[in-house]
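Heads up, the thing below is written out as structure tokens.
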Amino acid sequence: MAEYWNGIEIVTANRVTFNGMLEGFKTGSLFIPTLDTPDWPSVVDGTASVVLSNSIVSARTAATNDSTAVGYNNPGYLTRGLANSTRVNWDKDLFVQFDCQLNAAGTGGESRFLIYEQNSPAVGDHATLSAKGIGLFVDNLVLKGETYDTQSEVVALSESLTAAQGTRITIIHTAGVGVEWFVNSVSKGTSTREPTGQAGAFTRIGVMCDNASTAANKNFEVTNLMIWQES
């Protein structure tokens, strides 16, 4: 299936059309985060850490049980005209794309990629999406979509990561319609529940990994991240 960005077909047969991307850029703001350490603060517990290297954000637990790593970034100037430059306007379309991988399976472990409202990110953010936002939930290796407005919804995507292999994830929020998740450019789930309104708290990008009680060495990695917001 094709992916559509602001009504323009941008992916056909797993290939991005350059003209489609250019047309999309004209009508919004593109954010591609840097990998400078100050731009990715982290909160961790146990033996966990967040490592930036080779264009990859890696949330790592090491081998102590109940270790959690949360690395986060603030997308700047996505929405013009808001009082704060790091807040998303959920009444506008939003396009998110990234590649991710998890190094190994582990019962009880979970990882997340979120774009969510949170003034003060905390270790507990890995456990649930509990503020306005959208994202990906990796339950062991099973993929699920997440969206939250006044309450959360988890969407089964009927796909799993293969340990230590990269997977392309695309999340498209169409304002007034809902959220759609793509895995390797194929649509795998939708929801009509969507965040709405202008963000009241800072908008954060979160990359998170937890190994629960398994004491497994878990690494959740995200790279090639780009976020586009309609003007």
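Simple scheme: letters A, B, ... for chains in structure tokens order, numbers from 1 for residues in each chain, numbers from 1 for ligands in the order shown.
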Where does range 26-61 of chain A meet range 196-220 of chain A within 7 Å, residue by residue, with the nearest atom pair and distance in Å to one decimal for each, counting only C-alpha atoms, listed by chain and rising number, as a tab-separated table?
```
residue	atom	partner	partner_atom	distance
A:Ser58	CA	A:Phe220	CA	5.6
A:Ala59	CA	A:Phe220	CA	5.3
A:Arg60	CA	A:Asn219	CA	4.4
A:Thr61	CA	A:Lys218	CA	5.4
```
Could the residues in this selection be saved with C-alpha atoms as a CSV table (one decimal), in the first residue's frame?
```
chain,number,residue,atom,x,y,z
A,58,SER,CA,19.9,3.8,22.0
A,59,ALA,CA,18.1,3.2,25.3
A,60,ARG,CA,20.0,0.4,27.1
A,61,THR,CA,19.1,-1.4,30.3
```
**OP:** Would you list the contacts of range 45-55 of chain A as number ranges by chain, taking every protein, DNA or RNA residue within 9 Å and counting only C-alpha atoms, but skipping same-chain residues closer than 4 positions in sequence?
**Re:** A: 34-37, 40-41, 59-71, 123, 207-210, 222-224
Problem - helix (DSSP H, G or I) residues, from DSSP on the backbone, in range 56-180 of chain A, as a ChimeraX atom specification - result: /A:123-127
Given the selection you just returned, output its residues as a file containing C-alpha atoms, formatted as a PDB file, in the first residue's frame.
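File produced: part-v2.pdb:
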```pdb
ATOM      1  CA  VAL A 123      11.358   6.766  34.341  1.00  0.00           C
ATOM      2  CA  GLY A 124       7.689   5.860  34.713  1.00  0.00           C
ATOM      3  CA  ASP A 125       6.912   7.240  31.244  1.00  0.00           C
ATOM      4  CA  HIS A 126       8.027   3.927  29.762  1.00  0.00           C
ATOM      5  CA  ALA A 127       5.081   2.138  31.340  1.00  0.00           C
TER       6      ALA A 127
END
```
Check: Skipping near chain neighbours, those fewer than 6 positions away, what residues fall within 8 Å of Gln165 in chain A using only C-alpha atoms, listed as number ranges by chain?
Finding: A: 101-103
_List as a PyMOL selection string the protein and nucleic acid residues near Gly28 in chain A, meaning an atom at most 9 Å away when only C-alpha atoms are counted, but skip any in the same chain fewer than 6 places from it._
chain A and resi 78-79+228-231
- prompt: Excluding same-chain residues fewer than 6 positions from Val142 in chain A, what lies within 9 Å of it counting only C-alpha atoms, as a ChimeraX atom specification?
  reply: /A:156-161
Report the closest atom pair, with its distance in Å rounded to one decimal, for each residue of range 164-196 of chain A that has an atom no farther than 9 Å from range 86-100 of chain A; count only C-alpha atoms, sort by chain and then rising residue number, and write it as JSON lines.
```
{"residue": "A:Gln165", "atom": "CA", "partner": "A:Cys100", "partner_atom": "CA", "distance": 8.2}
{"residue": "A:Gly166", "atom": "CA", "partner": "A:Cys100", "partner_atom": "CA", "distance": 5.4}
{"residue": "A:Thr167", "atom": "CA", "partner": "A:Asp99", "partner_atom": "CA", "distance": 5.4}
{"residue": "A:Arg168", "atom": "CA", "partner": "A:Asp99", "partner_atom": "CA", "distance": 4.4}
{"residue": "A:Ile169", "atom": "CA", "partner": "A:Phe98", "partner_atom": "CA", "distance": 5.5}
{"residue": "A:Thr170", "atom": "CA", "partner": "A:Gln97", "partner_atom": "CA", "distance": 4.4}
{"residue": "A:Ile171", "atom": "CA", "partner": "A:Val96", "partner_atom": "CA", "distance": 5.1}
{"residue": "A:Ile172", "atom": "CA", "partner": "A:Phe95", "partner_atom": "CA", "distance": 4.7}
{"residue": "A:His173", "atom": "CA", "partner": "A:Leu94", "partner_atom": "CA", "distance": 5.0}
{"residue": "A:Thr174", "atom": "CA", "partner": "A:Asp93", "partner_atom": "CA", "distance": 4.8}
{"residue": "A:Ala175", "atom": "CA", "partner": "A:Asp93", "partner_atom": "CA", "distance": 5.2}
{"residue": "A:Gly176", "atom": "CA", "partner": "A:Asp91", "partner_atom": "CA", "distance": 7.3}
{"residue": "A:Glu194", "atom": "CA", "partner": "A:Trp90", "partner_atom": "CA", "distance": 8.3}
{"residue": "A:Pro195", "atom": "CA", "partner": "A:Trp90", "partner_atom": "CA", "distance": 5.8}
{"residue": "A:Thr196", "atom": "CA", "partner": "A:Trp90", "partner_atom": "CA", "distance": 4.6}
```
- Query: Using only C-alpha atoms, which of the listed residues (A:Ile115, A:Leu143, A:Ala122, A:Val57) sits closest to Val43 in chain A?
  - Reply: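 Using only C-alpha atoms, Val43 in chain A sits closest to A:Ala122.
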request  = as JSON, numbers by chain, please: all residues of range 12-212 of chain A that backbone DSSP puts in strand (DSSP E or B).
outcome  = {"A": [12, 15, 16, 28, 29, 30, 31, 42, 43, 44, 45, 49, 50, 51, 52, 53, 56, 57, 58, 59, 60, 68, 69, 70, 71, 72, 73, 89, 94, 95, 96, 97, 98, 99, 100, 101, 102, 110, 111, 112, 113, 114, 115, 116, 117, 133, 134, 135, 136, 137, 138, 139, 142, 143, 144, 145, 146, 147, 148, 152, 153, 154, 155, 156, 157, 158, 159, 160, 167, 168, 169, 170, 171, 172, 173, 174, 178, 179, 180, 181, 182, 183, 186, 187, 188, 189, 190, 191, 198, 203, 204, 205, 206, 207, 208, 209, 210]}
| said: Set the distance at 10 Å and use only C-alpha atoms: which residues neighbour Phe137 in chain A once local chain neighbours fewer than 6 positions away are removed? I'd like the list as number ranges by chain. | reply: A: 110-114, 126-129, 143-146, 154-156, 208
note - CA of Ile227 in chain A and CA of Ser191 in chain A are separated by 19.6 Å
